[in-house]
Every structure is written in C-alpha cells, then in structure tokens.
file final_13.cif (mmCIF, C-alpha atoms)
data_run
loop_
_atom_site.label_atom_id
_atom_site.label_comp_id
_atom_site.auth_asym_id
_atom_site.auth_seq_id
_atom_site.Cartn_x
_atom_site.Cartn_y
_atom_site.Cartn_z
CA MET A 1 -26.85 12.05 42.18
CA HIS A 2 -24.19 9.73 43.54
CA VAL A 3 -22.52 7.16 41.25
CA ILE A 4 -19.23 5.30 41.10
CA ILE A 5 -17.16 5.69 37.94
CA ASN A 6 -14.04 3.57 37.52
CA GLY A 7 -14.09 2.86 41.25
CA LYS A 8 -14.30 6.52 42.32
CA PRO A 9 -17.40 8.19 43.81
CA GLU A 10 -18.74 11.08 41.72
CA ASP A 11 -21.72 13.41 41.86
CA ILE A 12 -23.45 13.89 38.51
CA SER A 13 -26.73 15.52 37.52
CA LEU A 14 -29.93 13.52 37.21
CA GLY A 15 -30.53 12.07 33.75
CA THR A 16 -26.88 12.09 32.65
CA THR A 17 -26.33 9.58 29.83
CA ILE A 18 -23.27 7.41 29.29
CA GLN A 19 -22.60 9.41 26.11
CA LYS A 20 -22.55 12.72 28.05
CA LEU A 21 -20.27 11.28 30.72
CA ILE A 22 -17.80 9.96 28.16
CA GLU A 23 -17.72 13.36 26.44
CA ALA A 24 -17.34 15.21 29.76
CA LYS A 25 -14.30 13.05 30.50
CA LYS A 26 -12.84 13.98 27.08
CA LEU A 27 -12.89 10.35 25.96
CA ASP A 28 -13.79 9.15 22.45
CA PRO A 29 -17.06 7.16 22.47
CA SER A 30 -16.00 5.20 19.38
CA ARG A 31 -13.10 3.71 21.41
CA VAL A 32 -14.74 3.27 24.80
CA VAL A 33 -16.22 0.09 26.25
CA ALA A 34 -18.77 0.74 29.02
CA GLU A 35 -19.77 -1.66 31.75
CA LEU A 36 -22.76 -0.57 33.83
CA ASN A 37 -23.37 -2.60 37.01
CA ARG A 38 -21.25 -5.44 35.55
CA LYS A 39 -23.21 -5.49 32.28
CA ILE A 40 -21.68 -4.42 28.94
CA VAL A 41 -23.57 -1.51 27.34
CA PRO A 42 -22.95 -1.47 23.56
CA GLY A 43 -21.90 1.81 21.98
CA ASP A 44 -25.19 2.22 20.10
CA GLN A 45 -26.95 2.49 23.49
CA PHE A 46 -24.68 5.19 25.00
CA GLN A 47 -27.07 8.00 23.94
CA GLU A 48 -30.15 6.48 25.52
CA THR A 49 -28.67 4.94 28.70
CA LYS A 50 -29.14 7.23 31.70
CA LEU A 51 -27.33 6.61 34.96
CA GLN A 52 -29.30 5.92 38.15
CA GLU A 53 -28.44 6.61 41.78
CA ASP A 54 -25.64 4.32 43.06
CA ASP A 55 -24.83 2.93 39.60
CA ARG A 56 -21.34 1.58 39.09
CA LEU A 57 -19.88 2.46 35.71
CA GLU A 58 -16.57 1.28 34.29
CA LEU A 59 -15.20 3.05 31.21
CA LEU A 60 -12.29 1.57 29.30
CA GLN A 61 -10.78 3.45 26.36
CA PHE A 62 -8.68 1.47 23.89
CA VAL A 63 -5.61 2.97 22.24
CA GLY A 64 -4.49 1.98 18.73
CA GLY A 65 -1.82 -0.54 17.85
CA GLY A 66 -1.73 -4.21 17.09
CA MET B 1 0.53 -37.59 17.75
CA ASN B 2 3.16 -36.09 15.44
CA SER B 3 6.79 -35.45 16.42
CA THR B 4 6.17 -31.81 17.37
CA GLU B 5 3.31 -32.85 19.62
CA LYS B 6 5.41 -35.58 21.23
CA GLY B 7 8.04 -32.92 21.88
CA ILE B 8 5.50 -30.59 23.48
CA ALA B 9 4.10 -33.46 25.57
CA GLN B 10 7.57 -34.06 27.01
CA HIS B 11 7.19 -30.73 28.80
CA ILE B 12 3.52 -30.61 29.79
CA GLY B 13 2.44 -34.27 29.62
CA PRO B 14 0.09 -36.00 27.16
CA ASP B 15 -3.08 -35.30 29.19
CA ALA B 16 -2.51 -31.55 29.35
CA LEU B 17 -1.65 -31.51 25.66
CA ALA B 18 -4.82 -33.41 24.80
CA ARG B 19 -6.78 -30.81 26.78
CA LEU B 20 -5.18 -27.88 24.95
CA GLN B 21 -5.82 -29.56 21.61
CA GLN B 22 -9.58 -29.45 22.22
CA VAL B 23 -9.61 -25.66 22.73
CA ARG B 24 -10.75 -23.53 19.80
CA ILE B 25 -9.00 -20.17 19.72
CA GLY B 26 -10.08 -17.17 17.69
CA ILE B 27 -7.39 -14.68 16.74
CA ALA B 28 -8.75 -11.34 15.56
CA GLY B 29 -5.95 -9.71 13.59
CA ALA B 30 -2.83 -11.41 12.22
CA GLY B 31 -0.40 -8.51 12.53
CA GLY B 32 2.17 -7.75 15.23
CA LEU B 33 0.12 -9.13 18.10
CA GLY B 34 -1.81 -11.84 16.27
CA SER B 35 1.04 -13.41 14.30
CA ASN B 36 3.31 -13.61 17.35
CA CYS B 37 0.52 -14.72 19.66
CA ALA B 38 -0.49 -17.53 17.29
CA HIS B 39 3.14 -18.62 17.08
CA PHE B 40 3.41 -18.86 20.89
CA LEU B 41 0.08 -20.69 21.19
CA VAL B 42 1.07 -23.30 18.59
CA ARG B 43 4.34 -23.96 20.41
CA ALA B 44 2.37 -24.17 23.66
CA GLY B 45 0.32 -27.03 22.21
CA PHE B 46 -2.94 -25.48 20.99
CA LYS B 47 -4.13 -26.90 17.72
CA ARG B 48 -7.48 -25.38 16.66
CA PHE B 49 -7.57 -21.81 15.40
CA VAL B 50 -9.80 -19.32 13.66
CA LEU B 51 -7.59 -16.65 12.06
CA VAL B 52 -9.16 -13.41 10.84
CA ASP B 53 -7.39 -10.52 9.09
CA PHE B 54 -8.32 -8.41 6.04
CA ASP B 55 -4.74 -7.33 5.28
CA ARG B 56 -1.79 -8.49 3.17
CA VAL B 57 1.86 -8.80 4.26
CA GLU B 58 3.98 -5.69 3.57
CA PHE B 59 7.71 -5.07 3.99
CA SER B 60 6.89 -2.57 6.77
CA ASN B 61 5.41 -5.48 8.77
CA LEU B 62 8.68 -7.40 8.88
CA ASN B 63 10.02 -5.25 11.75
CA ARG B 64 7.77 -7.13 14.19
CA GLN B 65 5.42 -9.59 12.56
CA PHE B 66 5.99 -13.32 12.12
CA PHE B 67 6.37 -13.21 8.33
CA PHE B 68 9.20 -13.47 5.80
CA PRO B 69 10.18 -11.35 2.76
CA ASP B 70 8.97 -13.94 0.23
CA GLN B 71 5.48 -13.67 1.78
CA VAL B 72 5.03 -9.97 1.00
CA GLY B 73 1.76 -9.55 -0.91
CA LEU B 74 0.08 -12.66 0.51
CA PRO B 75 -3.03 -12.37 2.68
CA LYS B 76 -1.75 -12.38 6.27
CA VAL B 77 -4.00 -15.27 7.30
CA VAL B 78 -2.58 -17.40 4.45
CA ALA B 79 1.05 -16.53 5.25
CA LEU B 80 0.53 -17.04 8.99
CA ALA B 81 -1.17 -20.40 8.49
CA ALA B 82 1.77 -21.56 6.34
CA ASN B 83 4.29 -20.50 9.00
CA LEU B 84 2.35 -22.12 11.84
CA LEU B 85 2.09 -25.39 9.89
CA ARG B 86 5.88 -25.48 9.73
CA ILE B 87 5.84 -25.78 13.54
CA ASN B 88 2.95 -28.26 13.77
CA PRO B 89 1.79 -29.75 10.43
CA ASP B 90 -1.47 -31.06 11.93
CA LEU B 91 -3.10 -27.79 12.98
CA LYS B 92 -6.78 -27.31 12.26
CA MET B 93 -7.23 -23.75 11.08
CA GLU B 94 -10.14 -21.79 9.71
CA LEU B 95 -8.96 -18.75 7.71
CA HIS B 96 -10.98 -15.60 7.05
CA ALA B 97 -9.38 -12.88 4.91
CA THR B 98 -12.03 -10.36 5.85
CA THR B 99 -12.68 -7.16 7.78
CA ILE B 100 -14.25 -7.57 11.21
CA CYS B 101 -17.50 -5.60 11.40
CA PRO B 102 -20.70 -5.55 13.48
CA ARG B 103 -22.43 -7.84 10.98
CA ASN B 104 -19.88 -10.67 11.11
CA VAL B 105 -18.11 -10.42 14.47
CA ARG B 106 -20.29 -12.92 16.36
CA ARG B 107 -20.48 -15.39 13.48
CA LEU B 108 -16.69 -15.37 12.88
CA PHE B 109 -15.89 -16.31 16.47
CA ALA B 110 -18.93 -18.47 17.28
CA GLY B 111 -17.78 -21.66 18.97
CA CYS B 112 -14.41 -20.27 20.08
CA ASP B 113 -13.42 -21.01 23.69
CA ALA B 114 -11.07 -18.03 23.69
CA VAL B 115 -10.77 -14.94 21.51
CA LEU B 116 -7.62 -12.83 21.29
CA GLU B 117 -8.09 -9.22 20.29
CA CYS B 118 -5.01 -8.44 18.20
CA VAL B 119 -6.28 -5.69 15.90
CA ASP B 120 -4.84 -2.25 15.30
CA ASP B 121 -7.97 -0.06 15.14
CA PRO B 122 -9.34 0.93 18.58
CA SER B 123 -12.93 1.01 17.30
CA VAL B 124 -12.57 -2.64 16.24
CA LYS B 125 -11.07 -3.46 19.65
CA LYS B 126 -14.23 -1.95 21.16
CA LEU B 127 -16.44 -3.90 18.73
CA LEU B 128 -14.76 -7.18 19.68
CA ALA B 129 -14.97 -6.44 23.41
CA GLU B 130 -18.67 -5.61 23.20
CA ALA B 131 -19.35 -8.76 21.17
CA MET B 132 -17.27 -11.21 23.22
CA LEU B 133 -17.51 -10.05 26.84
CA PRO B 134 -21.17 -11.07 27.28
CA THR B 135 -20.29 -14.62 26.09
CA ALA B 136 -18.62 -17.41 28.05
CA ALA B 137 -15.47 -17.24 25.90
CA LEU B 138 -12.22 -16.06 27.45
CA PHE B 139 -11.41 -12.65 25.92
CA VAL B 140 -7.84 -11.30 25.95
CA ALA B 141 -7.35 -7.83 24.52
CA ALA B 142 -4.40 -5.45 24.13
CA SER B 143 -4.13 -1.69 24.48
CA GLY B 144 -0.93 0.36 24.60
CA ILE B 145 1.90 -1.70 23.13
CA ALA B 146 3.92 0.86 21.14
CA GLY B 147 7.40 2.31 21.56
CA CYS B 148 10.37 0.92 23.48
CA GLY B 149 11.82 1.18 26.97
CA ASP B 150 10.33 0.55 30.41
CA ALA B 151 9.12 -2.88 29.30
CA ASP B 152 7.43 -3.56 32.65
CA ARG B 153 4.68 -1.10 31.67
CA ILE B 154 3.24 -3.93 29.54
CA ARG B 155 1.08 -5.38 32.31
CA VAL B 156 -1.80 -7.84 32.48
CA ARG B 157 -5.01 -6.72 34.20
CA ARG B 158 -7.96 -9.03 34.83
CA LEU B 159 -11.04 -6.84 34.44
CA ARG B 160 -13.74 -9.53 34.55
CA ALA B 161 -13.74 -13.28 35.11
CA ASN B 162 -13.36 -13.82 31.35
CA PHE B 163 -11.50 -10.61 30.40
CA PHE B 164 -7.77 -9.89 30.49
CA LEU B 165 -6.23 -6.67 29.15
CA VAL B 166 -2.54 -6.49 28.21
CA GLY B 167 -0.56 -3.28 27.67
CA ASP B 168 0.13 0.07 29.31
CA GLU B 169 -3.33 1.32 28.22
CA GLN B 170 -1.74 4.64 27.14
CA THR B 171 0.88 4.41 24.44
CA ALA B 172 -0.82 4.46 21.04
CA VAL B 173 1.09 3.87 17.81
CA CYS B 174 2.22 7.28 16.48
CA PRO B 175 5.36 8.73 14.83
CA ASN B 176 7.07 9.13 18.23
CA THR B 177 6.12 5.66 19.41
CA PRO B 178 6.11 3.24 16.46
CA PRO B 179 5.24 -0.43 16.88
CA LEU B 180 8.52 -2.26 17.54
CA ALA B 181 9.34 -5.96 17.83
CA PRO B 182 10.30 -6.33 21.51
CA LEU B 183 7.25 -4.78 23.19
CA VAL B 184 4.78 -5.98 20.55
CA ALA B 185 6.05 -9.56 20.92
CA LEU B 186 6.08 -9.12 24.72
CA ALA B 187 2.43 -8.08 24.71
CA ALA B 188 1.59 -10.96 22.35
CA ALA B 189 3.41 -13.37 24.69
CA LYS B 190 1.45 -12.05 27.68
CA GLN B 191 -1.81 -12.53 25.77
CA ALA B 192 -0.79 -16.09 24.89
CA ASP B 193 0.25 -16.76 28.49
CA ALA B 194 -3.14 -15.66 29.84
CA VAL B 195 -4.82 -18.15 27.50
CA LEU B 196 -2.36 -20.94 28.26
CA PHE B 197 -2.66 -20.54 32.04
CA HIS B 198 -6.45 -20.45 31.79
CA PHE B 199 -6.72 -23.72 29.89
CA LEU B 200 -3.85 -25.53 31.62
CA HIS B 201 -4.79 -24.65 35.18
CA THR B 202 -8.21 -23.08 35.63
CA ALA B 203 -10.66 -24.41 33.07
CA ASN B 204 -11.64 -27.29 30.89
CA PRO B 205 -12.63 -26.24 27.39
CA SER B 206 -16.37 -26.13 26.98
CA ARG B 207 -18.09 -26.34 23.66
CA LYS B 208 -20.82 -24.03 24.90
CA SER B 209 -19.27 -20.63 24.32
CA THR B 210 -21.24 -19.81 21.20
CA PRO B 211 -22.49 -16.21 21.54
#

call {"tool": "encode", "arguments": {"input": "final_13.cif", "output": "structure tokens"}}
result
Amino acid sequence: MHVIINGKPEDISLGTTIQKLIEAKKLDPSRVVAELNRKIVPGDQFQETKLQEDDRLELLQFVGGG
Amino acid sequence: MNSTEKGIAQHIGPDALARLQQVRIGIAGAGGLGSNCAHFLVRAGFKRFVLVDFDRVEFSNLNRQFFFPDQVGLPKVVALAANLLRINPDLKMELHATTICPRNVRRLFAGCDAVLECVDDPSVKKLLAEAMLPTAALFVAASGIAGCGDADRIRVRRLRANFFLVGDEQTAVCPNTPPLAPLVALAAAKQADAVLFHFLHTANPSRKSTP
C-alpha cells in the first residue's frame, strides 16, 4: 500500500496502524505528534488508526528541554 | 497609557500597540523558554497573559531563566509575574501554579489567541500540540534548544498555518548538552518574534479561539 510519510513515498502493509509505524521508525509514541491528511490524531488513537491508500502522514517527535 | 507603553508606542505607533494589547497569550511553562519569552513579549507591547508552571525557582535555574537569587523558592509564575510588572506595571496576568495535564490543558488556555509551548517534558509538548493545533489559536512550540555553538541551528519552521516550531529538533537536554543561556534565550526570542510578527502584520486578534 502506497502512503506518504513526512513527505516521502513509502510502501507499507495493509492495516498498518500509526502506532506500528511510529515503533517501526524507532520513535517514542509518547513524544510524537501525528497529523494524518492535515488532521491531528491524538496519541490515544494511535493504536486504532489504520492508514489507507494514499494517506499523507506527518510525524513530529519532540525532544526535551525548555 | 503608562510611561512604558508610551515608550513602546514611540517605536511601533499607538495603533499597533493597542492591537497587541488586545491579544491574550498563554505561556505554558515559565522556565528557560517561558520566562525569557514572556520578557520579550512584554517589551514588545503585549499586555494580557496566562502563565502556567507547576515549579518553583531554584538556583540551578539562574543560569538561563529570568529570575533573581532572592526569588529562589517562589513559584515560578509568581516570580515571573513580579519581574514582568517591573517592566510594565499595568499587565493583566492570570497565574496558574499547576501541572499541565490532559484534564486541564484546554481549560487553562481557553480564550488565548496564541499559546507558547515552553515546557521541558516532551510528552507535555505533545499534549499541548494535540490540544492547541485543532483550535484557531496560534501555537508556537520549541524542540531542540540545548547546548552551545552553531547558533544558526535554532531555526523556525512553519508546519501549519497556525503552528511554528523553533529549535534544531534534535538536541535534547542531557549531561553533554545542558540548557545554557544563549541558545535558550535565542529560541525564546524566536518564539516571541513569531507571535509578534503574526499579530503586528498578519492577523487581528480574534476572541473566538476558545477550543
């Protein structure tokens, strides 16, 4: 299945969730903000949100310090 | 208009100042980013603030935060409010000495035209982003502000119409890269600048940004 993640085309398997994608990219879900097709997906929906063909996903991981 | 405000108006004009004074700004975190950012925004002419921080001033904060030794032990929001009032005695500030959590995040910043994410903990940065980005409020966050050297790595990226991100997005605070005054204040200044430019040149404050 073809999707675009952070502006780059990727092929992922059908039914992949945002949670699985974040883990596959070795990111920490508790620090990641996800935007799916320009809409913010809250962290408590990462497990249940599956990507669809041609979805555009942006993942932004925050680092500590303020 | 008090003397400070007259002084600010000499630079930007009374109409622009009046516009900035209507804007309500939420500052999440009153540490290295938040205390410096608030300082810049007060000097820029903003007048209405919601300050939120659970913490108290410690000596280890004085390397970069806008506090003084006699304020150690005070809640940061109380100490910061006192320091900001020394610049402009007529500020209108709402202080919350509390932790930001999923239960209170929307209520704390309801009615803010802009929210600055100035917290330390990346999971709270995420919480604030998820709460504020779907609203009409301008949201300016920071990520990657530690260490020193190569100051141009502290950049500003516009990720959505209402979302700016300041920092190198890589350098977390750790023993090798502690939080230090120059880059922390630089990042805070870039956050403040994004807000100032937005309200001086691209938007009129709306009162409709309640989440």

call {"tool": "resolve_selection", "arguments": {"input": "final_13.cif", "expression": "the PyMOL selection byres ((chain A) within 7 of (chain B))", "output": "list in words"}}
result
Ser30, Arg31, Val32, Val33, Ile40, Pro42, Phe62, Val63, Gly64, Gly65 and Gly66 of chain A

call {"tool": "atom_distance", "arguments": {"input": "final_13.cif", "atom1": "atom CA of B:Ala203", "atom2": "atom CA of B:Lys190"}}
result
18.1 Å

call {"tool": "resolve_selection", "arguments": {"input": "final_13.cif", "expression": "the PyMOL selection byres ((chain B and resi 43) around 10)", "output": "list of chain:residue names"}}
result
B:Thr4, B:Glu5, B:Gly7, B:Ile8, B:Ala38, B:His39, B:Phe40, B:Leu41, B:Val42, B:Ala44, B:Gly45, B:Phe46, B:Lys47, B:Leu84, B:Ile87, B:Asn88

call {"tool": "resolve_selection", "arguments": {"input": "final_13.cif", "expression": "the PyMOL selection byres ((chain B and resi 65) around 10)", "output": "number ranges by chain"}}
result
B: 30-36, 57-64, 66-68, 76, 80, 180-181, 184-185

call {"tool": "atom_distance", "arguments": {"input": "final_13.cif", "atom1": "atom CA of B:Gly147", "atom2": "atom CA of B:Ala81"}}
result
27.6 Å

call {"tool": "atom_distance", "arguments": {"input": "final_13.cif", "atom1": "atom CA of B:Ile100", "atom2": "atom CA of A:Ile22"}}
result
24.6 Å

call {"tool": "closest_residue", "arguments": {"input": "final_13.cif", "among": "A:Gly43, A:Ala34, A:Pro29, A:Met1", "to": "A:Glu58", "atoms": "all atoms listed in the file"}}
result
A:Ala34

call {"tool": "residues_around", "arguments": {"input": "final_13.cif", "residues": "stretch 46-50 of chain A", "least_positions_apart": "2", "cutoff": "8 Å", "atoms": "all atoms listed in the file", "output": "PyMOL selection string"}}
result
chain A and resi 15-20+41-44+52

call {"tool": "build_atoms", "arguments": {"input": "final_13.cif", "residues": "stretch 14-47 of chain A", "atoms": "N, CA and C atoms", "output": "short mmCIF file (atom, residue, chain, number, x, y, z; two decimals), keeping the file's coordinate frame"}}
result
data_model
loop_
_atom_site.label_atom_id
_atom_site.label_comp_id
_atom_site.auth_asym_id
_atom_site.auth_seq_id
_atom_site.Cartn_x
_atom_site.Cartn_y
_atom_site.Cartn_z
N LEU A 14 -28.89 14.50 37.53
CA LEU A 14 -29.93 13.52 37.21
C LEU A 14 -30.11 13.44 35.69
N GLY A 15 -30.26 12.22 35.17
CA GLY A 15 -30.53 12.07 33.75
C GLY A 15 -29.30 12.08 32.86
N THR A 16 -28.10 12.11 33.45
CA THR A 16 -26.88 12.09 32.65
C THR A 16 -26.76 10.75 31.91
N THR A 17 -26.49 10.81 30.61
CA THR A 17 -26.33 9.58 29.83
C THR A 17 -24.86 9.15 29.81
N ILE A 18 -24.65 7.90 29.43
CA ILE A 18 -23.27 7.41 29.29
C ILE A 18 -22.53 8.25 28.25
N GLN A 19 -23.21 8.58 27.16
CA GLN A 19 -22.60 9.41 26.11
C GLN A 19 -22.08 10.73 26.68
N LYS A 20 -22.93 11.42 27.46
CA LYS A 20 -22.55 12.72 28.05
C LYS A 20 -21.35 12.58 28.99
N LEU A 21 -21.37 11.50 29.77
CA LEU A 21 -20.27 11.28 30.72
C LEU A 21 -18.95 11.06 30.00
N ILE A 22 -19.01 10.24 28.93
CA ILE A 22 -17.80 9.96 28.16
C ILE A 22 -17.25 11.26 27.57
N GLU A 23 -18.15 12.08 27.03
CA GLU A 23 -17.72 13.36 26.44
C GLU A 23 -17.16 14.29 27.51
N ALA A 24 -17.81 14.33 28.67
CA ALA A 24 -17.34 15.21 29.76
C ALA A 24 -15.94 14.81 30.21
N LYS A 25 -15.63 13.52 30.09
CA LYS A 25 -14.30 13.05 30.50
C LYS A 25 -13.30 13.15 29.35
N LYS A 26 -13.70 13.78 28.25
CA LYS A 26 -12.84 13.98 27.08
C LYS A 26 -12.34 12.65 26.50
N LEU A 27 -13.21 11.63 26.58
CA LEU A 27 -12.89 10.35 25.96
C LEU A 27 -13.60 10.28 24.62
N ASP A 28 -13.21 9.31 23.79
CA ASP A 28 -13.79 9.15 22.45
C ASP A 28 -14.76 7.96 22.48
N PRO A 29 -16.07 8.24 22.35
CA PRO A 29 -17.06 7.16 22.47
C PRO A 29 -16.84 6.01 21.50
N SER A 30 -16.19 6.27 20.35
CA SER A 30 -16.00 5.20 19.38
C SER A 30 -14.89 4.23 19.82
N ARG A 31 -14.18 4.58 20.92
CA ARG A 31 -13.10 3.71 21.41
C ARG A 31 -13.35 3.21 22.83
N VAL A 32 -14.50 3.57 23.38
CA VAL A 32 -14.74 3.27 24.80
C VAL A 32 -15.69 2.08 24.95
N VAL A 33 -15.32 1.17 25.85
CA VAL A 33 -16.22 0.09 26.25
C VAL A 33 -16.79 0.47 27.62
N ALA A 34 -18.11 0.37 27.77
CA ALA A 34 -18.77 0.74 29.02
C ALA A 34 -19.39 -0.48 29.67
N GLU A 35 -19.17 -0.58 30.98
CA GLU A 35 -19.77 -1.66 31.75
C GLU A 35 -20.57 -1.01 32.87
N LEU A 36 -21.88 -1.19 32.85
CA LEU A 36 -22.76 -0.57 33.83
C LEU A 36 -23.30 -1.66 34.74
N ASN A 37 -22.96 -1.58 36.03
CA ASN A 37 -23.37 -2.60 37.01
C ASN A 37 -23.05 -4.00 36.50
N ARG A 38 -21.83 -4.17 36.02
CA ARG A 38 -21.25 -5.44 35.55
C ARG A 38 -21.82 -5.91 34.21
N LYS A 39 -22.64 -5.09 33.57
CA LYS A 39 -23.21 -5.49 32.28
C LYS A 39 -22.66 -4.59 31.17
N ILE A 40 -22.22 -5.20 30.05
CA ILE A 40 -21.68 -4.42 28.94
C ILE A 40 -22.80 -3.64 28.25
N VAL A 41 -22.61 -2.34 28.09
CA VAL A 41 -23.57 -1.51 27.34
C VAL A 41 -22.94 -1.21 25.98
N PRO A 42 -23.53 -1.71 24.89
CA PRO A 42 -22.95 -1.47 23.56
C PRO A 42 -22.98 0.01 23.19
N GLY A 43 -22.04 0.41 22.35
CA GLY A 43 -21.90 1.81 21.98
C GLY A 43 -23.17 2.43 21.41
N ASP A 44 -23.97 1.64 20.69
CA ASP A 44 -25.19 2.22 20.10
C ASP A 44 -26.26 2.51 21.14
N GLN A 45 -25.99 2.16 22.41
CA GLN A 45 -26.95 2.49 23.49
C GLN A 45 -26.43 3.58 24.43
N PHE A 46 -25.24 4.16 24.12
CA PHE A 46 -24.68 5.19 25.00
C PHE A 46 -25.61 6.40 25.11
N GLN A 47 -26.23 6.79 23.97
CA GLN A 47 -27.07 8.00 23.94
C GLN A 47 -28.31 7.87 24.81
#
